[in-house]
Amino acid sequence: MALSESRPFDCSLIDENDDDLNLIPCEHNGPQWKQIGVQVLWSVGIWFILIISSPFLSSFWKKYSNNQVCPYWVQQYVGTTYRNAHDYRIEVAVCFADGFGSFILLVIWIQKSYEIHKHENLDHYVIEVICVLFCSTHVCFQRIKHNFGIQNAFSLVMFLNCLTLPPLIMQPFGEWSGGSWLTLGYFRAFHWHATMKRLVELNVYDQILSNFAQQCLIAVLECLVVVFFISGTLYVMEGLGDIEGFSDQFIDSGMGEI
C-alpha cells in the first residue's frame, strides 16, 4: 500500500479527552499538500514584503545614521558589509542564539516526524516560538549590518528564514494560515551550519579546538545538512503522497494498463 493510501500523518487516533495530553487543535486527516502550499504562499508573501520594503527602510536608515548615536554602536558592535565591527560580542551572541534556536527547532522537527500522533503539544509550541525569537535576533542583526539593502533581502539566507520561521508561529491557526505540525523546518539545518561556520571565522573556538578540529567540525556539519535536506524532503513528499491532479491515470488496453 502506498504511503498516500495508508495516511501516515493521520492523527485521528489521539484521544483528545485524555487529561494527560496538552493538545492544540489537530488536523484529523493529517497534513495535506494544500497546507504546505499555503505555508509556502505565506512565506513567499512575507519575503516579497521584505524585498519591496527594503528601499524605504534603507533610505530611512541612511537618514537616521546621520546622527552621532547610530554610527557609533553600529561601527562598534555590528559593522557593515565593507567594515568589520570593533567588538564582536553582539555578533557572537546572536550567532549562538540563531545556531541554538535552529538546532532545537531541528530536533523538535525530527521528534515530531517520529511521533506523528503526539505532535500537538503546547510545550513544544512554546519552545518553538522562543527559538523563533532567538533566530529572529540574527535576522535583525543581518538586516542592520547590510543597511536593510535589497541585496540582503534577495539572499538565500533571508528566503530560508521566511520559509521556515513564519509557519512555525502559525501552527495552531486554521487552514487560512496552513497551520500544521508538518512544516519545512528541517531547512533550519542550513542556518545551524552557517552560524557555526561564522563562529569559527570569528575565532570563538580557538581556545578549545585546533584549526584542524574546527575544519573537521564544519565538514561534519556540511554532511549533516545534506543528509537533513535529502531525508526531510523525502519524508515530506512521501508522507503527503501524490499531489492532487498529478497522479497517474491508467487506460485498459489489449496489452494491459498503459
# chains A, B, ... in the order shown; residues from 1 in each chain; ligands from 1
$ closest_atom_pairs --of "range 38-82 of chain A" --to "range 91-109 of chain A" --cutoff "10 Å" --atoms "only C-alpha atoms" --output "Markdown table"
| residue | atom | partner | partner_atom | distance |
| --- | --- | --- | --- | --- |
| A:Tyr77 | CA | A:Glu91 | CA | 7.4 |
| A:Val78 | CA | A:Glu91 | CA | 6.8 |
| A:Gly79 | CA | A:Glu91 | CA | 9.5 |
$ select_by_dssp --residues "range 56-226 of chain A" --states "helix (DSSP H, G or I)" --output "PyMOL selection string"
chain A and resi 56-64+69-78+89-115+122-145+150-153+156-169+175-177+185-201+211-226
$ closest_residue --among "A:Thr137, A:Ser113, A:Ser180, A:Ser210" --to "Gly232 in chain A" --atoms "only C-alpha atoms"
A:Ser113
$ atom_distance --atom1 "CA of Glu201 in chain A" --atom2 "CA of Tyr88 in chain A"
11.3 Å
$ residues_around --residues "Gly149 in chain A" --least-positions-apart "3" --cutoff "8 Å" --atoms "only C-alpha atoms" --output "short mmCIF file (atom, residue, chain, number, x, y, z; two decimals) with N, CA, C and O atoms, in the first residue's frame"
data_model
loop_
_atom_site.label_atom_id
_atom_site.label_comp_id
_atom_site.auth_asym_id
_atom_site.auth_seq_id
_atom_site.Cartn_x
_atom_site.Cartn_y
_atom_site.Cartn_z
N SER A 54 12.53 47.12 1.41
CA SER A 54 13.96 47.38 1.59
C SER A 54 14.39 48.77 1.13
O SER A 54 15.13 49.45 1.85
N PRO A 55 13.96 49.25 -0.05
CA PRO A 55 14.39 50.61 -0.45
C PRO A 55 13.95 51.69 0.53
O PRO A 55 14.70 52.63 0.80
N SER A 58 15.96 51.21 3.80
CA SER A 58 17.34 51.61 3.58
C SER A 58 17.48 53.13 3.55
O SER A 58 18.42 53.70 4.12
N ARG A 143 20.05 42.37 8.89
CA ARG A 143 19.41 43.48 8.17
C ARG A 143 20.12 44.80 8.49
O ARG A 143 20.34 45.61 7.59
N HIS A 146 23.59 45.00 6.83
CA HIS A 146 23.52 45.24 5.38
C HIS A 146 22.71 46.49 5.05
O HIS A 146 22.28 46.67 3.90
N ASN A 152 20.46 42.01 0.38
CA ASN A 152 20.34 41.11 1.53
C ASN A 152 18.96 40.46 1.58
O ASN A 152 18.83 39.28 1.94
N ALA A 153 17.93 41.22 1.21
CA ALA A 153 16.57 40.67 1.19
C ALA A 153 16.44 39.55 0.16
O ALA A 153 15.68 38.60 0.35
#
$ residues_around --residues "Met158 in chain A" --least-positions-apart "5" --cutoff "12 Å" --atoms "only C-alpha atoms" --output "number ranges by chain"
A: 43-44, 46-51, 135-136, 138-143, 146, 148-153, 163-165, 188, 190-191
$ write_last_selection --atoms "N, CA, C and O atoms" --output "tab-separated table (two decimals), in the first residue's frame"
chain	number	residue	atom	x	y	z
A	43	SER	N	4.96	32.39	3.21
A	43	SER	CA	6.40	32.65	3.30
A	43	SER	C	6.88	33.52	2.15
A	43	SER	O	7.64	34.48	2.35
A	44	VAL	N	6.42	33.20	0.94
A	44	VAL	CA	6.81	33.99	-0.22
A	44	VAL	C	6.24	35.41	-0.12
A	44	VAL	O	6.89	36.39	-0.48
A	46	ILE	N	5.64	37.09	2.69
A	46	ILE	CA	6.46	37.82	3.67
A	46	ILE	C	7.81	38.18	3.07
A	46	ILE	O	8.33	39.30	3.28
A	47	TRP	N	8.37	37.28	2.29
A	47	TRP	CA	9.65	37.57	1.62
A	47	TRP	C	9.49	38.71	0.63
A	47	TRP	O	10.36	39.59	0.53
A	48	PHE	N	8.36	38.73	-0.09
A	48	PHE	CA	8.10	39.80	-1.06
A	48	PHE	C	7.95	41.14	-0.34
A	48	PHE	O	8.48	42.16	-0.80
A	49	ILE	N	7.26	41.15	0.81
A	49	ILE	CA	7.14	42.39	1.59
A	49	ILE	C	8.51	42.86	2.07
A	49	ILE	O	8.81	44.06	2.06
A	50	LEU	N	9.34	41.90	2.48
A	50	LEU	CA	10.70	42.25	2.91
A	50	LEU	C	11.48	42.90	1.77
A	50	LEU	O	12.23	43.87	2.00
A	51	ILE	N	11.30	42.39	0.56
A	51	ILE	CA	12.02	42.92	-0.59
A	51	ILE	C	11.54	44.32	-0.96
A	51	ILE	O	12.35	45.24	-1.12
A	135	CYS	N	16.13	33.06	16.67
A	135	CYS	CA	16.58	33.14	15.28
A	135	CYS	C	16.31	34.52	14.69
A	135	CYS	O	17.07	35.01	13.85
A	136	SER	N	15.23	35.16	15.14
A	136	SER	CA	14.87	36.48	14.61
A	136	SER	C	15.89	37.54	15.00
A	136	SER	O	16.05	38.54	14.28
A	138	HIS	N	19.05	37.23	14.94
A	138	HIS	CA	20.09	37.19	13.91
A	138	HIS	C	19.60	37.80	12.61
A	138	HIS	O	20.37	38.43	11.88
A	139	VAL	N	18.31	37.62	12.30
A	139	VAL	CA	17.73	38.25	11.12
A	139	VAL	C	17.84	39.78	11.23
A	139	VAL	O	18.28	40.46	10.29
A	140	CYS	N	17.47	40.32	12.39
A	140	CYS	CA	17.56	41.77	12.61
A	140	CYS	C	19.00	42.25	12.53
A	140	CYS	O	19.29	43.31	11.93
A	141	PHE	N	19.91	41.48	13.09
A	141	PHE	CA	21.33	41.85	13.06
A	141	PHE	C	21.83	41.92	11.63
A	141	PHE	O	22.52	42.88	11.24
A	142	GLN	N	21.48	40.93	10.82
A	142	GLN	CA	21.92	40.91	9.42
A	142	GLN	C	21.30	42.05	8.61
A	142	GLN	O	21.96	42.64	7.75
A	143	ARG	N	20.05	42.37	8.89
A	143	ARG	CA	19.41	43.48	8.17
A	143	ARG	C	20.12	44.80	8.49
A	143	ARG	O	20.34	45.61	7.59
A	146	HIS	N	23.59	45.00	6.83
A	146	HIS	CA	23.52	45.24	5.38
A	146	HIS	C	22.71	46.49	5.05
A	146	HIS	O	22.28	46.67	3.90
A	148	PHE	N	19.76	47.31	5.56
A	148	PHE	CA	18.43	46.99	5.04
A	148	PHE	C	18.41	46.98	3.52
A	148	PHE	O	17.40	47.29	2.89
A	149	GLY	N	19.55	46.61	2.93
A	149	GLY	CA	19.67	46.61	1.48
A	149	GLY	C	18.84	45.53	0.82
A	149	GLY	O	18.56	44.47	1.40
A	150	ILE	N	18.44	45.79	-0.43
A	150	ILE	CA	17.61	44.84	-1.16
A	150	ILE	C	18.40	43.58	-1.53
A	150	ILE	O	17.82	42.50	-1.69
A	151	GLN	N	19.73	43.72	-1.67
A	151	GLN	CA	20.54	42.53	-1.98
A	151	GLN	C	20.46	41.52	-0.85
A	151	GLN	O	20.39	40.31	-1.08
A	152	ASN	N	20.46	42.01	0.38
A	152	ASN	CA	20.34	41.11	1.53
A	152	ASN	C	18.96	40.46	1.58
A	152	ASN	O	18.83	39.28	1.94
A	153	ALA	N	17.93	41.22	1.21
A	153	ALA	CA	16.57	40.67	1.19
A	153	ALA	C	16.44	39.55	0.16
A	153	ALA	O	15.68	38.60	0.35
A	163	LEU	N	10.90	31.15	4.84
A	163	LEU	CA	10.30	29.85	4.54
A	163	LEU	C	10.09	29.00	5.78
A	163	LEU	O	9.16	28.19	5.84
A	164	THR	N	10.93	29.18	6.80
A	164	THR	CA	10.90	28.28	7.95
A	164	THR	C	10.30	28.89	9.22
A	164	THR	O	9.65	28.18	9.99
A	165	LEU	N	10.48	30.18	9.46
A	165	LEU	CA	10.05	30.76	10.73
A	165	LEU	C	8.55	31.06	10.81
A	165	LEU	O	7.91	30.67	11.80
A	188	ARG	N	16.18	24.55	8.67
A	188	ARG	CA	16.95	25.27	9.68
A	188	ARG	C	18.36	24.68	9.83
A	188	ARG	O	19.24	25.31	10.41
A	190	PHE	N	20.46	24.46	7.58
A	190	PHE	CA	21.35	25.37	6.85
A	190	PHE	C	21.83	26.49	7.76
A	190	PHE	O	23.01	26.86	7.76
A	191	HIS	N	20.93	27.06	8.56
A	191	HIS	CA	21.30	28.16	9.45
A	191	HIS	C	22.17	27.66	10.60
A	191	HIS	O	23.06	28.38	11.06
$ atom_distance --atom1 "CA of Ala213 in chain A" --atom2 "CA of Phe228 in chain A"
22.4 Å
$ closest_residue --among "A:Phe56, A:Phe229, A:Phe250, A:Trp61" --to "Leu184 in chain A" --atoms "only C-alpha atoms"
A:Phe229
$ atom_distance --atom1 "CA of Leu240 in chain A" --atom2 "CA of Asn161 in chain A"
23.1 Å
